[in-house]
Each structure stands twice: as structure tokens, then as C-alpha cells.
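Notes for the one structure printed next.
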Amino acid sequence: MRKYGLNELREMYLSFFESKDHLRLPSFSLVPKNDPSVLLINAGMTPLKPYFTGLETPPSKRITTCQKCIRTPDIENVGKTSRHATFFEMLGNFSFGDYFKKEAIAWAWEFMTKVLEIPEERLFVSIYEEDDEAYDIWHKDIGLADNKIFRMGKEDNFWEHGVGPCGPCSEIYFDRGSDKGCGKPDCQPGCECDRFVEVWNNVFTQFDRQEDGTYKELKNKNIDTGMGLERLACIMQDVDNIFEVDAIRAILDHVCRIAGKEYGKEDKADVSIRVITDHSRSVTMMVSDGILPSNEGRGYVLRRLLRRAARHGRLLGIDRPFLAEIADTVISCFKGAYPNLEEKQDYIKKVINMEEERFYSTIDQGMSILEEYMKQVREDRTNCLTGEMVFKLHDTYGFPLDLTREIALENNLSIDEEGFHKEMEAQKEKAREAHKSKEGSAWEKDLFADVDKSVKTKFAGYTEHTTESKVLYIIKNNELTDGARQDDEISLVLDVTPFYAESGGQIGDTGVIYNDDFKMEVIDCQKTHDEKYLHIGRVLSGSVKTGDKVTAKIDLYKRKATARNHTVTHLLHRALKNVLGDHVNQAGSLVTPERLRFDFTHFSALTPEQLEAIESEVNSKILENLPVSVKVMSLEEAQKDGATALFDEKYGDVVRVVSAGEYSKELCGGTHLNSTGEAGLIKILGESGISAGVRRIEALTGFNALEYYNSREKLLQKASETAKTSTDDIVRKIESLYDEIKNLKKELDSVNNKLISSSVGNIIDQAESYNGIKVVAVRLDGLDMNALRNTSDDLKNRVGSGVIILASSKDGKVNLIVSATKDAVASGIHCGKIIKEAAAACGGGGGGRPDMAQAGGKDPSGIDKAISIAKEKAVEVLK
């Protein structure tokens with residue numbers, strides 16, 4: 001057989017099915033789209049589920065893909081064997097109600113025997129034991145002998161997953177040769193030995209399984225084909241495992257070069273080399289699809305893979321971050337199939353390097369703690385790390401659970417996983433309780449448990465600012481009541497309202513509710529899980545009771561200000577993607593009348609140039625006065641229309657899509673402007689990091705931004721008047737004044753040094769002598785550490801034999817220095833020990849050599865005591 005490279009095989013497969021009128025689609029992202037059942041794409045058909053279920057119409061009834069996949073259930077076995085891997089590519093050809101068994105089987109055989117030219121005698125097939133149709137195609141149409149077709153049971157050759165679409169399978173096996181087998185006379189496809197390798201799996205989705213376990217024939221039958229690219233490459237390259245395949249071997253060889261190891265020489269090293277090789281592919285691909293390291297979800301999968309690879313680098317003797325270098329080889333080998341790898345190369349390497357450095361900063365300390373724990377449990381003879389120990393390693397030192405488990409197993413110890421999960425849950429519960437204690441409002445308690453669940457508040461606030469409403473419920477002192485009067489703090493539930501209830505990052509509206517006999521100030525609006533709006537506030541006058549007719553009116557000025565900030569968050573989101581990259585996603589927001597706060601995924605602090613570019617782009621879109629439109633449509637339509645949905649946000653079947661021209665399009669339930677020009681402008685106040693991989697921008701819009709600029713202008717004017725110059729010349733004036741102050745300080749220091757130098761003789765004369773060694777202990781305020789050090793050197797040179805103790809207070813800080821001549825050190829003086837005790841009196845610390853030490857402090861009031869302590873310690877030694 002001719003040997004084909006991994007990349008050649010991928011292209012050959014896709015091109016072959018294109019010739020059979022299949023639409024070639026690029027690999028979908030590893031991040032599932034609207035599929036909460038999986039964290040990461042783990043099979044070729046997973047991203048195509050909507051087409052199989054009929055939820056979406058496929059772009060073609062025939063599709064072919066090579067899909068990136070990640071599976072981590074066997075992560076502990078990756079490296080220990082040469083068969084396991086977390087990342088793989090799945091070749092697939094799919095039919096959605098078009099061709100079926102006859103074509104699928106014929107094309108599979110044609111590709112294997114005609115395109116790849118695999119000898120027919122080395123190929124065998126399996127079918128579901130009851131699938132006579134598949135047997136006839138293989139036997140009569142293809143011409144396979146009966147002894148080449150193996151019937152297998154439901155466990156092996158029937159695909160189903162609960163109720164719904166399912167069907168029989170037919171697999172193609174490759175015979176690697178009798179030398180790879182178990183030697184048993186009944187060795188055949190399906191045997192557990194390594195002789196027969198399943199290469200191609202055709203799933204014939206022809207049934208719909210019912211709740212009662214019966215099967216109904218599907219009207220539109222589908223084909224779902226899966227073939228592992230790496231496994232096919234093993235066969236075509238005649239190698240034993242995926243780590244010997246050309247593209248993967250290139251990564252492995254790079255690992256060996258960095259580690260200075262030769263693969264195949266030492267079992268323990270080979271394990272680490274395989275771990276790094278596999279995990280590097282997974283990590284590189286995940287980061288390229290916008291996943292960032294975190295402590296939950298798919299970000300945690302990325303973190304544990306990266307940190308596991310980094311640790312195995314340590315085991316190989318690699319003592320520096322290196323995974324970004326390996327990523328270069330991954331990108332080089334796979335960029336042809338996945339162009340975004342090369343497009344995002346710098347970004348990918350930066351994310352990997354930052355996470356690896358973060359891990360290195362904690363691993364040494366964490367490992368020493370873990371070693372202490374392991375020693376402790378061995379001495380206790382429990383041989384099991386407690387849940388509390390494992391949790392501390394996770395919470396404080398960033399050790400993923402599986403990393404601690406793996407290290408424990410290497411040392412013949414176990415871990416208390418149940419106890420770990422209890423500690424994790426306790427931490428989450430504390431966070432939940434802390435959150436609840438901050439809320440402290442009427443909606444925490446289910447006051448409506450016994451009332452009609454179908455009663456909801458109708459929200460009219462998208463188009464109305466005032467509504468005529470009816471009071472349905474009144475809450476006072478966390479209880480339902482029939483009425484309320486002046487000064488009562490209450491929550492009202494109305495049948496219809498213009499008040500927006502807090503959700504999606506936008507705070508609730510404020511305003512008033514009133515009638516002829518009653519007026520209430522509304523300071524917030526929240527809603528219950530069953531859509532009852534709670535208007536929270538205080539009765540200003542009169543009284544109200546359930547059933548009363550009232551007028552509800554929002555504060556339109558604040559609503560408009562909030563709308564400015566909300567619309568601008570959408571513009572900001574798009575600008576961030578345009579300037580920083582498509583990896584940026586919203587991670588949270590807060591929209592108030594005063595300002596906006598926007599959290600987003602990104603790996604490093606933004607530069608001033610990036611912030612300027614983002615602010616400029618948003619302002620340009622505001623000045624373009626783009627129309628802001630709202631459309632209500634199905635979630636499916638919104639996704640097809642390219643609307644941005646927030647990750648992990650739950651959406652109903654019908655959604656609102658808010659668009660700013662063609663620039664921005666997002667799913668959103670908030671209130672917005674009619675056009676971007678109404679926002680006025682944006683002023684970004686600052687940017688900061690709030691957690692690993694998440695940044696935050698705070699900004700102002702509209703009148704608040706103008707007020708900010710006005711206040712800055714007034715401040716600048718005041719500064720100019722104080723400096724007696726114009727605003728245009730203020731910077732030059734400040735620089736001039738700064739230079740003048742610096743020169744005056746130098747002159748002052750020079751004068752002080754001269755004064756001290758002239759008084760050195762007097763200082764030495766006042767020194768006390770102990771066994772021929774003088775002790776000079778003096779306070780010299782106004783000297784910085786450099787001047788104090790020079791004075792100390794001058795005194796030491798003049799005193800001949802002695803200990804010099806000097807202290808100074810300058811600009812609210814304490815400077816201390818102790819020095820000693822050689823004979824004083826020979827007498828037992830240790831300046832470092834003396835200053836350590838003395839500095840504590842000034843709220844500071846320090847240390848140094850036996851002949852010289854210095855320290856700083858925060859409390860000048862303790863200087864005299866510090867000098868006294870230092871002198872006492874010196875005298876104790878010299879006496």
C-alpha cells in the first residue's frame with residue numbers, strides 16, 4: 001500500500017465526497033452552539049444534530065466534514081498507553097433524507113479499495129445481525145464473500161441513545177496481520193486483540209425509538225458516517241499507534257528536542273512525552289476556538305490539559321515555559337486544514353504562555369504542600385489525602401483535581417474525592433448565602449406559592465412610558481398584605497407596567513405609581529421567576545389597597561440614560577471583537593443611568609493604543625447615527641441571521657434581536673435607543689482585570705460623558721491658574737516646575753551633607769566606647785537612604801574602630817542603617833540581626849550582612865526607640 005500523510009488523507013476523503021455531490025463544510029468550532037448536553041464537540045455528527053433532528057434545514061442534503069473533536073473521560077490513560085488521546089479528527093459523510101445504505105456502502109468501499117488502494121483481502125465488514133438489507137448490498141452488490149461479512153448484536157452494531165432516531169451500523173475492519181493477533185482459532189473482527197482494526201462506521205438512521213421500546217420506520221432516513229483520521233493514517237503509514245503518524249510524530253520529536261530525550265528509550269519518559277504531544281494539540285485547538293483557561297466549564301478542561309502537560313514537562317527536566325514553542329509545530333502541521341491557527345498564532349501562544357507561567361508561579365509551593373500532605377498521610381497510615389487537603393491544593397495553588405489524583409497514584413496513595421466535592425459545595429453555598437444576604441428584599445421568599453401561577457405582569461415598557469394599571473398584590477415586611485399607607489416600604493405587583501425589571505445586566509427602572517389618593521416612589525423593579533414584576537419603594541402620601549387603579553410612570557430621563565449605556569454596550573462589544581479578535585465574548589455587564597460596565601474574555605491588559613482604537617470606533621458608530629432596530633423572531637431565525645448570543649444564557653423559542661445598522665446584532669431583552677446618535681458619545685474611564693482571562697471596561701455616555709469632560713476642563717483650568725500659565729502651556733510649566741524642585745532638592749541635600757560632614761567630628765566625640773570599640777547612635781532627620789549610607793561610611797572611616805547606628809525621618813518614612821568595622825564584627829557584632837529587631841519599633845523590617853545592614857519603616861514616632869534598641873544590642877555584644 002502507498003503511504004499517505006495525515007493531511008493528504010484528510011484532503012483525499014473530503015475531495016472524494018465532493019465528487020459525490022457533497023457540500024464540504026469546514027470543521028465547526030470545538031465550542032458547541034446552543035447544545036448544553038456537551039462541553040466540547042466530541043464527535044463528527046455532534047454539531048450537525050439540528051439537521052438530523054429537523055430543527056434546522058441543512059445547507060445541502062449531502063455534507064462532508066473533517067471535525068475537530070475532544071474527549072477527556074480517559075485523560076488519566078493518555079500517555080500511559082499509545083492508544084488514548086484527547087484530541088482527534090473525525091471524517092464524516094452525511095445524508096439528510098437523501099441517499100441511504102446502497103450508496104453509503106458502495107462509496108465507502110470505493111474510497112477504501114479504489115482511492116486508497118487497500119487490498120480487498122485485508123478488509124472485512126460487520127453488520128447488525130438483523131440487517132439483511134445491508135448484507136445483500138455487501139454480498140450481492142459489492143461482491144463480498146459470506147465469510148467476509150460478520151453479523152453482530154445490538155451492543156456492537158446498533159446505534160441508539162434513549163428515545164428518538166436510531167439505527168443499525170455497518171463497519172469496515174482492516175486486518176493488520178496474524179502477527180498482531182491473539183493466535184486463537186476464532187480470532188475475527190470484533191476480537192479484543194490488535195489484529196482487526198475498525199476503520200469506517202456507517203450508521204443507518206432509519207428508526208424512531210418510542211417510549212415503550214418499539215421502533216417506527218423514519219420517513220426520511222439519514223446516513224451518519226464516522227472515520228477517525230488518525231486511525232486511518234496509522235493503517236496507511238503502517239505504524240502501530242497515533243504517535244507514530246507523521247504530523248503527530250513531528251510534535252513528539254519537538255518535545256524530545258526540548259527535553260533532550262530519545263523516544264522509546266525509557267517508559268517513564270515516554271509517558272510524559274506522549275502526554276505533552278497529545279495535550280499540546282488539544283490546547284492549541286481549544287485556544288484557537290476562543291476558549292480561555294478558567295476554573296469552570298470548558299475553560300477548566302483547557303486549564304487541566306495545559307497544566308498536566310506543563311507538569312509532565314517538569315518530569316522530563318524542562319524547567320521553563322515551553323508549551324508555546326510546541327504550539328508552533330502544531331500550527332505548522334495543521335494550518336492547512338485549519339487556517340485560523342496561523343491567523344491567531346501570536347494570540348494562541350500568548351494565552352498558552354501566560355497560563356503556563358501562572359501555573360509555574362504556584363506549582364513549586366503547591367508541590368511542597370502536597371509532599372507534606374503525602375508524608376502526613378503515610379505517617380498516619382491512612383494513605384489517603386483528605387478532601388480538605390485536595391480542596392486547598394485546588395483553591396489556593398490551582399491544582400486541578402485530576403493532577404492531584406495523578407500525583408497521588410504515582411505515590412501509591414488515594415484521594416478523598418467525595419470529601420473534595422463536599423468542600424467545593426460548601427464554598428459555593430457560602431457564596432450563595434453571601435449573595436442572598438446582600439439582596440435582602442421581598443422577592444427572596446416565595447410569597448406567591450399559594451396564588452395563581454398564571455397571573456403575570458404584562459410589560460409594556462418597550463413602547464409605553466406610562467400605563468394605567470391595577471394593583472394585584474402588596475408586599476410589606478416580607479408578607480402579602482391588603483393595604484399600605486404613608487411611609488410604608490412596600491413592593492407592588494401590577495397587572496401591566498412600563499417599568500423594566502432588572503435582567504440581562506440592565507438595572508430596574510425608577511419612577512412613581514400614583515392615583516388621586518396615593519403616591520409611591522419606585523426605587524427599583526425586580527421580577528419573580530414566574531414574571532410578576534415587583535415595584536419596590538416607599539409610600540410618599542395617602543394609602544393603597546389591592547384592586548386599586550393606579551398610574552405607573554417611569555423616570556424617563558433615567559430610562560433614556562440607561563438606554564444610551566445599553567445600546568453603547570452592544571457597540572462596545574463589536575468594537576472589542578474588531579480590535580482584539582473574535583475570541584472576545586461578553587462575560588457580564590452592568591447598565592445603569594450613570595455608567596456602563598462591560599466584562600469580556602481577553603488574556604491580557606489592553607494597551608492605551610487599543611483602548612483609544614476601541615473608543616474611537618464606538619464614537620464613529622455613534623456619529624454615523626445608525627438606526628437601532630428590534631425584531632422578534634424564533635431563536636433559529638436569529639442564529640441564521642448571525643445574531644450574537646451570550647454563552648450559557650438561556651433563551652426561549654422567541655427572542656428579540658437588537659441591531660445597530662449592519663454593525664452590531666445581538667439577542668437582547670433590554671431597552672434601547674432609536675438610533676446610535678442619541679448616545680452622544682462614549683468616554684472609557686478605565687480597564688482592569690477581574691479574574692483570569694476576564695477584563696472589565698467602565699465607561700460613560702451622553703450627558704454623563706459631557707459632565708466628565710466639563711469637570712476635566714475645569715480641573716485643567718484650575719491647574720493652569722495655580723501654575724500661572726495657559727492650559728496649552730500647562731504641561732511645559734509642570735515639567736519646568738518639576739525640574740526646579742528636583743534641582744532645589746539636590747541643593748538642599750548637598751547643604752545637609754556638608755552640615756553633617758562638618759559635625760562628624762562632634763558626633764564621634766560624643767560616642768561611647770566599650771572595650772576599645774566606639775558605638776555611635778545618632779538621629780539625622782531629613783536624609784534619604786543614600787545620604788544616610790554616605791554618612792555612615794564617612795563615620796566608619798573616621799571612627800577607626802566602632803559600630804555606627806543612624807536613623808532618619810524623611811517624607812514620612814523611616815530610614816535605618818547599622819554598620820561596623822572589621823574588629824567590631826570580629827567581636828561578635830552582626831548588623832543584620834541588630835537592625836532586624838530595631839526596625840520593628842518603626843513598623844518596618846530589613847536585614848543585611850554582619851558589617852552592614854539597612855531597613856525601612858512606616859512610623860517615624862518609633863525612631864528614638866529603634867536607636868535605643870540597636871544601641872542596647874550592640875553594647876550587649878561588646879561588653
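Residues in the C-alpha cells are numbered from 1 in each chain, the chains being A, B, ... in the order shown, and ligands are numbered from 1 in the order shown.
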Shell around Asp823 in chain A at 7 Å using only C-alpha atoms, local window under 3 positions removed, as a compact mmCIF listing (two decimals) with N, CA, C and O atoms, in the first residue's frame:
```
# COMPACT_ATOMS: atom_id res chain seq x y z
N SER A 801 37.54 52.33 64.85
CA SER A 801 37.01 51.06 65.37
C SER A 801 35.66 51.36 66.00
O SER A 801 35.59 52.09 67.00
N ALA A 826 34.48 41.14 64.34
CA ALA A 826 35.25 40.05 64.96
C ALA A 826 34.88 39.88 66.43
O ALA A 826 35.00 38.78 67.00
N SER A 827 34.37 40.95 67.04
CA SER A 827 33.97 40.89 68.45
C SER A 827 32.56 40.33 68.62
O SER A 827 32.07 40.22 69.75
```
Quick one: residues within 12 Å of Pro608 in chain A, only C-alpha atoms, excluding same-chain residues fewer than 2 positions away - as a PyMOL selection string?
chain A and resi 605-606+610-615+684-687
Those selected residues, please, written with all heavy atoms and delivered as a short mmCIF file (atom, residue, chain, number, x, y, z; two decimals), in the first residue's frame.
```cif
data_model
loop_
_atom_site.label_atom_id
_atom_site.label_comp_id
_atom_site.auth_asym_id
_atom_site.auth_seq_id
_atom_site.Cartn_x
_atom_site.Cartn_y
_atom_site.Cartn_z
N ALA A 605 -3.93 42.76 29.69
CA ALA A 605 -4.37 44.15 29.82
C ALA A 605 -4.32 44.83 28.45
O ALA A 605 -3.47 44.54 27.62
CB ALA A 605 -3.47 44.89 30.80
N LEU A 606 -5.27 45.73 28.23
CA LEU A 606 -5.31 46.47 26.97
C LEU A 606 -4.29 47.60 26.99
O LEU A 606 -4.09 48.24 28.03
CB LEU A 606 -6.72 47.04 26.70
CG LEU A 606 -7.72 46.12 26.00
CD1 LEU A 606 -7.99 44.87 26.83
CD2 LEU A 606 -9.02 46.85 25.73
N GLN A 610 -4.86 50.38 22.13
CA GLN A 610 -6.06 49.56 21.90
C GLN A 610 -7.30 50.23 22.46
O GLN A 610 -8.36 50.27 21.81
CB GLN A 610 -5.87 48.18 22.54
CG GLN A 610 -4.89 47.28 21.79
CD GLN A 610 -4.59 46.00 22.54
OE1 GLN A 610 -4.57 45.97 23.78
NE2 GLN A 610 -4.34 44.92 21.80
N LEU A 611 -7.19 50.79 23.66
CA LEU A 611 -8.33 51.49 24.26
C LEU A 611 -8.75 52.69 23.40
O LEU A 611 -9.94 52.94 23.20
CB LEU A 611 -7.98 51.96 25.67
CG LEU A 611 -8.03 50.90 26.78
CD1 LEU A 611 -7.47 51.46 28.07
CD2 LEU A 611 -9.45 50.41 26.99
N GLU A 612 -7.76 53.39 22.90
CA GLU A 612 -8.05 54.55 22.05
C GLU A 612 -8.76 54.12 20.77
O GLU A 612 -9.72 54.76 20.32
CB GLU A 612 -6.75 55.29 21.71
CG GLU A 612 -6.97 56.57 20.92
CD GLU A 612 -5.67 57.31 20.63
OE1 GLU A 612 -4.63 56.95 21.22
OE2 GLU A 612 -5.70 58.23 19.79
N ALA A 613 -8.29 52.99 20.19
CA ALA A 613 -8.90 52.49 18.95
C ALA A 613 -10.34 52.05 19.20
O ALA A 613 -11.23 52.30 18.37
CB ALA A 613 -8.07 51.33 18.40
N ILE A 614 -10.59 51.40 20.33
CA ILE A 614 -11.94 50.93 20.67
C ILE A 614 -12.87 52.12 20.88
O ILE A 614 -13.97 52.17 20.34
CB ILE A 614 -11.88 50.04 21.92
CG1 ILE A 614 -11.16 48.73 21.61
CG2 ILE A 614 -13.29 49.76 22.47
CD1 ILE A 614 -10.66 47.98 22.84
N GLU A 615 -12.42 53.07 21.68
CA GLU A 615 -13.23 54.26 21.95
C GLU A 615 -13.52 55.03 20.66
O GLU A 615 -14.65 55.48 20.43
CB GLU A 615 -12.51 55.16 22.95
CG GLU A 615 -13.33 56.36 23.40
CD GLU A 615 -12.60 57.17 24.47
OE1 GLU A 615 -11.82 58.08 24.09
OE2 GLU A 615 -12.80 56.89 25.65
N ILE A 684 -14.34 56.10 27.72
CA ILE A 684 -13.87 54.96 28.51
C ILE A 684 -13.07 55.49 29.70
O ILE A 684 -12.09 56.21 29.53
CB ILE A 684 -13.02 54.01 27.66
CG1 ILE A 684 -13.90 53.35 26.57
CG2 ILE A 684 -12.38 52.92 28.53
CD1 ILE A 684 -13.15 52.46 25.60
N LEU A 685 -13.52 55.13 30.90
CA LEU A 685 -12.84 55.59 32.12
C LEU A 685 -11.63 54.75 32.46
O LEU A 685 -10.65 55.24 33.02
CB LEU A 685 -13.83 55.57 33.29
CG LEU A 685 -15.05 56.48 33.18
CD1 LEU A 685 -15.95 56.30 34.40
CD2 LEU A 685 -14.62 57.94 33.04
N GLY A 686 -11.71 53.45 32.17
CA GLY A 686 -10.58 52.59 32.51
C GLY A 686 -10.85 51.15 32.18
O GLY A 686 -11.96 50.76 31.83
N GLU A 687 -9.80 50.35 32.30
CA GLU A 687 -9.86 48.92 32.00
C GLU A 687 -9.06 48.18 33.05
O GLU A 687 -8.02 48.66 33.51
CB GLU A 687 -9.28 48.68 30.60
CG GLU A 687 -9.31 47.25 30.12
CD GLU A 687 -8.05 46.46 30.44
OE1 GLU A 687 -7.06 47.08 30.88
OE2 GLU A 687 -8.05 45.24 30.26
#
```
Given the choices A:Met424, A:Ala324, A:Ala807, A:Leu572, which gets closest to Val776 in chain A if the distance is worked out from only C-alpha atoms?
A:Ala807
Coordinates-based distance that separates CA of Val818 in chain A from CA of Cys831 in chain A (Å, one decimal)
5.7 Å
Would you list, as a PyMOL selection string, the residues of range 346-530 of chain A that end up in strand (DSSP E) under DSSP run on this structure's backbone?
chain A and resi 384-385+414-415+458-459+466-476+479-481+483-485+489-494+496-497+511-515+518-527
Can I get the selection written as an mmCIF file, in the first residue's frame, with C-alpha atoms?
```cif
data_model
loop_
_atom_site.group_PDB
_atom_site.id
_atom_site.type_symbol
_atom_site.label_atom_id
_atom_site.label_comp_id
_atom_site.auth_asym_id
_atom_site.auth_seq_id
_atom_site.Cartn_x
_atom_site.Cartn_y
_atom_site.Cartn_z
ATOM 1 C CA CYS A 384 -5.434 8.843 51.543
ATOM 2 C CA LEU A 385 -5.334 12.604 51.038
ATOM 3 C CA SER A 414 -5.543 7.706 47.053
ATOM 4 C CA ILE A 415 -7.610 10.856 47.494
ATOM 5 C CA LYS A 458 -47.536 42.401 31.267
ATOM 6 C CA PHE A 459 -44.508 44.506 30.370
ATOM 7 C CA THR A 466 -46.898 55.377 31.408
ATOM 8 C CA THR A 467 -49.628 52.757 31.921
ATOM 9 C CA GLU A 468 -52.989 52.611 33.620
ATOM 10 C CA SER A 469 -52.696 49.602 35.902
ATOM 11 C CA LYS A 470 -54.365 47.580 38.615
ATOM 12 C CA VAL A 471 -52.730 46.622 41.947
ATOM 13 C CA LEU A 472 -52.694 42.810 42.137
ATOM 14 C CA TYR A 473 -50.575 42.250 45.258
ATOM 15 C CA ILE A 474 -48.932 44.317 48.003
ATOM 16 C CA ILE A 475 -45.874 43.119 49.954
ATOM 17 C CA LYS A 476 -44.946 44.723 53.275
ATOM 18 C CA GLU A 479 -45.541 39.344 53.735
ATOM 19 C CA LEU A 480 -48.535 39.706 51.442
ATOM 20 C CA THR A 481 -50.990 42.311 52.740
ATOM 21 C CA GLY A 483 -53.052 47.613 52.015
ATOM 22 C CA ALA A 484 -50.325 50.139 52.824
ATOM 23 C CA ARG A 485 -50.119 53.777 53.885
ATOM 24 C CA GLU A 489 -41.804 50.441 52.484
ATOM 25 C CA ILE A 490 -43.564 48.118 50.093
ATOM 26 C CA SER A 491 -43.467 46.204 46.806
ATOM 27 C CA LEU A 492 -46.431 46.397 44.429
ATOM 28 C CA VAL A 493 -47.334 43.858 41.750
ATOM 29 C CA LEU A 494 -49.336 45.369 38.882
ATOM 30 C CA VAL A 496 -49.391 45.867 33.446
ATOM 31 C CA THR A 497 -46.310 48.080 33.806
ATOM 32 C CA GLY A 511 -40.349 56.383 38.855
ATOM 33 C CA VAL A 512 -43.727 56.834 40.546
ATOM 34 C CA ILE A 513 -47.014 54.980 40.951
ATOM 35 C CA TYR A 514 -49.995 57.130 41.924
ATOM 36 C CA ASN A 515 -53.719 57.915 41.876
ATOM 37 C CA PHE A 518 -51.927 57.729 46.807
ATOM 38 C CA LYS A 519 -48.365 58.298 45.624
ATOM 39 C CA MET A 520 -45.410 55.918 45.785
ATOM 40 C CA GLU A 521 -41.769 56.460 44.859
ATOM 41 C CA VAL A 522 -40.376 53.438 42.984
ATOM 42 C CA ILE A 523 -36.649 52.986 43.606
ATOM 43 C CA ASP A 524 -36.221 49.600 41.892
ATOM 44 C CA CYS A 525 -38.079 46.987 39.868
ATOM 45 C CA GLN A 526 -37.401 43.251 40.010
ATOM 46 C CA LYS A 527 -39.311 40.222 38.791
#
```
Any idea what the distance is between CA of Leu48 in chain A and CA of Gly226 in chain A?
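So the two atoms, CA of Leu48 in chain A and CA of Gly226 in chain A, lie 12.7 Å apart.
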Counting only C-alpha atoms, give me one row per residue of range 19-59 of chain A with an atom at most 8 Å from an atom of range 275-299 of chain A, showing the shortest contact pair and its distance in Å to one decimal, sorted by chain then residue number, as a Markdown table.
```
| residue | atom | partner | partner_atom | distance |
| --- | --- | --- | --- | --- |
| A:Ser29 | CA | A:Asp289 | CA | 5.9 |
| A:Leu30 | CA | A:Asp289 | CA | 6.5 |
| A:Val31 | CA | A:Asp289 | CA | 7.1 |
| A:Leu39 | CA | A:Arg298 | CA | 5.8 |
| A:Leu40 | CA | A:Arg298 | CA | 6.8 |
```
From a backbone DSSP assignment, name each residue in range 239-418 of chain A labelled helix (DSSP H, G or I), as a ChimeraX atom specification.
/A:242-244,246-259,267-288,297-315,323-334,340-343,345-379,387-397,401-410,417-418
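Take the candidates A:Leu401, A:Val390, A:Met227, A:Cys193 and check each one against Arg308 in chain A using only C-alpha atoms; the shortest distance goes to A:Leu401.
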Closest-contact table, range 654-677 of chain A side, partner range 580-593 of chain A, 12 Å, counting only C-alpha atoms, as CSV:
```
residue,atom,partner,partner_atom,distance
A:Glu666,CA,A:Gln586,CA,11.1
A:Gly670,CA,A:Val591,CA,9.7
A:Thr671,CA,A:Val591,CA,10.5
A:His672,CA,A:Val591,CA,11.2
```
Exercise: range 622-626 of chain A partners within 8 Å, only C-alpha atoms, chain neighbours under 2 positions left out, as JSON, numbers by chain
{"A": [618, 619, 620, 628, 660, 661, 675, 676, 677, 678, 679, 680, 681]}
Dump of N, CA and C atoms for the selected residues, as an mmCIF file, in the first residue's frame:
```cif
data_model
loop_
_atom_site.group_PDB
_atom_site.id
_atom_site.type_symbol
_atom_site.label_atom_id
_atom_site.label_comp_id
_atom_site.auth_asym_id
_atom_site.auth_seq_id
_atom_site.Cartn_x
_atom_site.Cartn_y
_atom_site.Cartn_z
ATOM 1 N N VAL A 618 -16.187 53.137 18.521
ATOM 2 C CA VAL A 618 -17.543 53.281 19.061
ATOM 3 C C VAL A 618 -18.073 54.685 18.786
ATOM 4 N N ASN A 619 -17.242 55.696 19.013
ATOM 5 C CA ASN A 619 -17.689 57.072 18.762
ATOM 6 C C ASN A 619 -18.019 57.309 17.286
ATOM 7 N N SER A 620 -17.255 56.655 16.403
ATOM 8 C CA SER A 620 -17.547 56.830 14.970
ATOM 9 C C SER A 620 -18.899 56.222 14.624
ATOM 10 N N VAL A 628 -31.276 51.944 15.190
ATOM 11 C CA VAL A 628 -31.350 50.805 16.113
ATOM 12 C C VAL A 628 -32.728 50.167 15.931
ATOM 13 N N ALA A 660 -27.828 47.448 15.429
ATOM 14 C CA ALA A 660 -27.385 48.824 15.187
ATOM 15 C C ALA A 660 -26.863 48.862 13.764
ATOM 16 N N GLY A 661 -27.742 49.230 12.826
ATOM 17 C CA GLY A 661 -27.379 49.152 11.415
ATOM 18 C C GLY A 661 -26.952 47.748 11.068
ATOM 19 N N SER A 675 -31.680 55.370 17.667
ATOM 20 C CA SER A 675 -30.519 55.468 16.780
ATOM 21 C C SER A 675 -29.288 55.704 17.629
ATOM 22 N N THR A 676 -28.136 55.295 17.125
ATOM 23 C CA THR A 676 -26.903 55.379 17.921
ATOM 24 C C THR A 676 -26.517 56.814 18.239
ATOM 25 N N GLY A 677 -26.910 57.772 17.357
ATOM 26 C CA GLY A 677 -26.552 59.168 17.585
ATOM 27 C C GLY A 677 -27.099 59.721 18.880
ATOM 28 N N GLU A 678 -28.202 59.121 19.389
ATOM 29 C CA GLU A 678 -28.795 59.588 20.638
ATOM 30 C C GLU A 678 -27.877 59.333 21.837
ATOM 31 N N ALA A 679 -26.867 58.485 21.654
ATOM 32 C CA ALA A 679 -25.933 58.212 22.759
ATOM 33 C C ALA A 679 -24.991 59.382 22.996
ATOM 34 N N GLY A 680 -24.814 60.237 21.983
ATOM 35 C CA GLY A 680 -23.937 61.398 22.137
ATOM 36 C C GLY A 680 -22.483 61.056 21.910
ATOM 37 N N LEU A 681 -21.909 60.342 22.862
ATOM 38 C CA LEU A 681 -20.509 59.922 22.771
ATOM 39 C C LEU A 681 -20.225 58.910 23.872
#
```
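Among A:Gly79, A:Pro32, A:Gly181, A:Gly387, the residue with the shortest atom-to-atom distance to Ile242 in chain A, counting only C-alpha atoms, is A:Gly79.
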For Ile235 in chain A, the nearest of the candidates A:Ile507, A:Met1, A:Leu252, A:Val579, counting only C-alpha atoms
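Selected residue with least distance to Ile235 in chain A: A:Met1.
With only C-alpha atoms as the atoms that count, the minimum distance from Lys33 in chain A to the choices A:Ile331, A:Val539, A:Ala719, A:Ala645 is reached by A:Ala645.
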